[in-house]
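Participant: Please read through the structure below; I'll follow up with questions.
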Amino acid sequence: MGDRTPRHLLAPTVGAGVFMALYLLLRPYGDAGSTAEAAQAFGSTRWVVAHLCGALAIASIGRLGLRLADLYQSRPARLARWTGLAGAVLALPYYGAEAFGLHAIGSRALIEPAAFDLVDQVRNQPIALTMFALGLVFLAVAGVSCALAFSRAQPGGRGRAVWPLGVLIALLAPQFYLPPVGRVAYGALFLIAAAVLVVELARAERSATTRVPARVAG
């Protein structure tokens, strides 16, 4: 599409970085503790807000793949489009269950502790887990594909700025197994990587807008 320039990648890049950082910073980590601590974490407003931010971060990654495919007509860009979209569609329902289902269970468990027994049924439901795992695999492929598509389209090695974010998107699944401090650090690194790419996108946009055909003398 001729009217597309690198600035069209700015919004999904900023969204992915900011929302991922907010998700992992705001998220209560009491679910790793006792039943009472987990119920308080699930029942807090921060739990819902944080997981909504996580869902928006995933949606932004999918949107980044779509925008890349609009901007660059290459095989990695097309792969980023479809894997980013598939990853978001498959992963987001699980985030909905985490955000709202576990919040309802946690709120109830603060009054009636037996309600906490439902947590395992929500988190380990086979179809939901399978969809979530497949979604994370597709998002990992999308991260690498986005990095390949952008880096190959930039002259003089300038596209290397996309790789930190691409790698961190690919590492979305392993970060779930980190301790709380590791997950917060991952969110901070994700935001920094997005900021690095935003700077490069601004430079690429300036280069694209200054490339004007020379006028023929009349």
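Chain lettering (A, B, ...) mirrors the order of the structure tokens, residue numbering begins at 1 for each chain separately, and ligand numbering begins at 1 in order of display.
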Could you give me, as a ChimeraX atom specification, the residues within 10 Å of stretch 68-80 of chain A, counting only C-alpha atoms and dropping anything in the same chain fewer than 3 positions from it?

Facilitator: /A:1-6,8-9,61-65,83-86,138-150,152-153

Participant: Give me the stretch 47-99 of chain A side of the contact with stretch 22-30 of chain A, cut-off 12 Å, one line per residue showing its nearest atom pair and distance in Å at one decimal, counting only C-alpha atoms, sorted by chain and residue number, as JSON lines.

Facilitator:
```
{"residue": "A:Trp47", "atom": "CA", "partner": "A:Arg27", "partner_atom": "CA", "distance": 5.6}
{"residue": "A:Val48", "atom": "CA", "partner": "A:Arg27", "partner_atom": "CA", "distance": 8.5}
{"residue": "A:Val49", "atom": "CA", "partner": "A:Leu26", "partner_atom": "CA", "distance": 7.8}
{"residue": "A:Ala50", "atom": "CA", "partner": "A:Tyr23", "partner_atom": "CA", "distance": 4.3}
{"residue": "A:His51", "atom": "CA", "partner": "A:Tyr23", "partner_atom": "CA", "distance": 6.1}
{"residue": "A:Leu52", "atom": "CA", "partner": "A:Tyr23", "partner_atom": "CA", "distance": 7.6}
{"residue": "A:Cys53", "atom": "CA", "partner": "A:Tyr23", "partner_atom": "CA", "distance": 5.1}
{"residue": "A:Gly54", "atom": "CA", "partner": "A:Tyr23", "partner_atom": "CA", "distance": 5.0}
{"residue": "A:Ala55", "atom": "CA", "partner": "A:Tyr23", "partner_atom": "CA", "distance": 8.7}
{"residue": "A:Leu56", "atom": "CA", "partner": "A:Tyr23", "partner_atom": "CA", "distance": 9.2}
{"residue": "A:Ala57", "atom": "CA", "partner": "A:Tyr23", "partner_atom": "CA", "distance": 8.2}
{"residue": "A:Ile58", "atom": "CA", "partner": "A:Tyr23", "partner_atom": "CA", "distance": 10.8}
{"residue": "A:Tyr95", "atom": "CA", "partner": "A:Tyr23", "partner_atom": "CA", "distance": 11.4}
{"residue": "A:Glu98", "atom": "CA", "partner": "A:Arg27", "partner_atom": "CA", "distance": 11.5}
{"residue": "A:Ala99", "atom": "CA", "partner": "A:Arg27", "partner_atom": "CA", "distance": 10.5}
```

Participant: Show me, as a ChimeraX atom specification, the residues that have an atom within 9 Å of A:Leu172 when counting only C-alpha atoms, minus same-chain residues fewer than 3 positions from it.

Facilitator: /A:136,139-140,167-169,175-176,186

Participant: Those residues with N, CA and C atoms, as a CSV table (one decimal), in the first residue's frame please?

Facilitator:
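Output contents, as saved in result-v5.csv:
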```csv
chain,number,residue,atom,x,y,z
A,136,LEU,N,0.8,-19.0,22.1
A,136,LEU,CA,2.1,-18.5,22.5
A,136,LEU,C,3.2,-19.0,21.4
A,139,LEU,N,2.7,-16.6,18.5
A,139,LEU,CA,3.3,-15.3,18.8
A,139,LEU,C,4.8,-15.3,18.8
A,140,ALA,N,5.4,-16.4,19.2
A,140,ALA,CA,6.9,-16.5,19.1
A,140,ALA,C,7.3,-16.4,17.7
A,167,VAL,N,13.0,-10.8,19.8
A,167,VAL,CA,13.4,-11.9,20.7
A,167,VAL,C,12.6,-12.0,21.9
A,168,LEU,N,12.3,-10.8,22.5
A,168,LEU,CA,11.5,-10.8,23.7
A,168,LEU,C,10.0,-11.3,23.5
A,169,ILE,N,9.5,-11.0,22.3
A,169,ILE,CA,8.2,-11.5,22.0
A,169,ILE,C,8.2,-13.0,21.9
A,175,GLN,N,8.8,-16.6,30.0
A,175,GLN,CA,8.8,-15.7,31.1
A,175,GLN,C,7.7,-16.0,32.2
A,176,PHE,N,6.7,-16.8,31.8
A,176,PHE,CA,5.7,-17.2,32.8
A,176,PHE,C,6.3,-18.1,33.9
A,186,TYR,N,11.5,-8.7,32.9
A,186,TYR,CA,11.1,-8.9,31.5
A,186,TYR,C,10.2,-7.8,31.0
```

Participant: Quick one: of A:Ala128, A:Ala185, A:Leu66, A:Leu197, who's nearest to A:Met20, counting only C-alpha atoms?

Facilitator: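 The shortest atom-to-atom distance to A:Met20 comes from A:Ala185.
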
Participant: Using only C-alpha atoms, which of the listed residues (A:Ala170, A:Ala204, A:Leu102, A:Ala97) sits closest to A:Val119?

Facilitator: A:Leu102

Participant: To one decimal place, how far is atom CA of A:Leu90 from atom CA of A:Pro174 in Å?

Facilitator: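 Atom CA of A:Pro174 lies 17.4 Å from atom CA of A:Leu90.
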
Participant: For A:Pro164, which residue out of A:Gln121, A:Ser151, A:Ser207, A:Ser60 is the nearest one, using only C-alpha atoms?

Facilitator: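 For A:Pro164, the nearest of the candidates is A:Ser151.
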
Participant: What's the separation between atom CA of A:Ala88 and atom CA of A:Val137, in Å to one decimal place?

Facilitator: 10.6 Å

Participant: Using backbone DSSP assignments, extract all alpha helix (DSSP H) residues from stretch 53-131 of chain A; output them as a ChimeraX atom specification.

Facilitator: /A:53-71,75-96,102-109,118-123,126-131

Participant: Work out how far apart atom CA of A:Val198 and atom CA of A:Val14 are and give it in Å to one decimal.

Facilitator: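 Computing the Euclidean distance for atom CA of A:Val198 and atom CA of A:Val14 yields 7.3 Å.
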
Participant: Rank A:Leu178, A:Val122, A:Ala104, A:Leu129 by their smallest atom-to-atom distance to A:Ala91, using only C-alpha atoms, and report the top residue only.

Facilitator: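 Ranking A:Leu178, A:Val122, A:Ala104, A:Leu129 by distance to A:Ala91, first place goes to A:Leu129.
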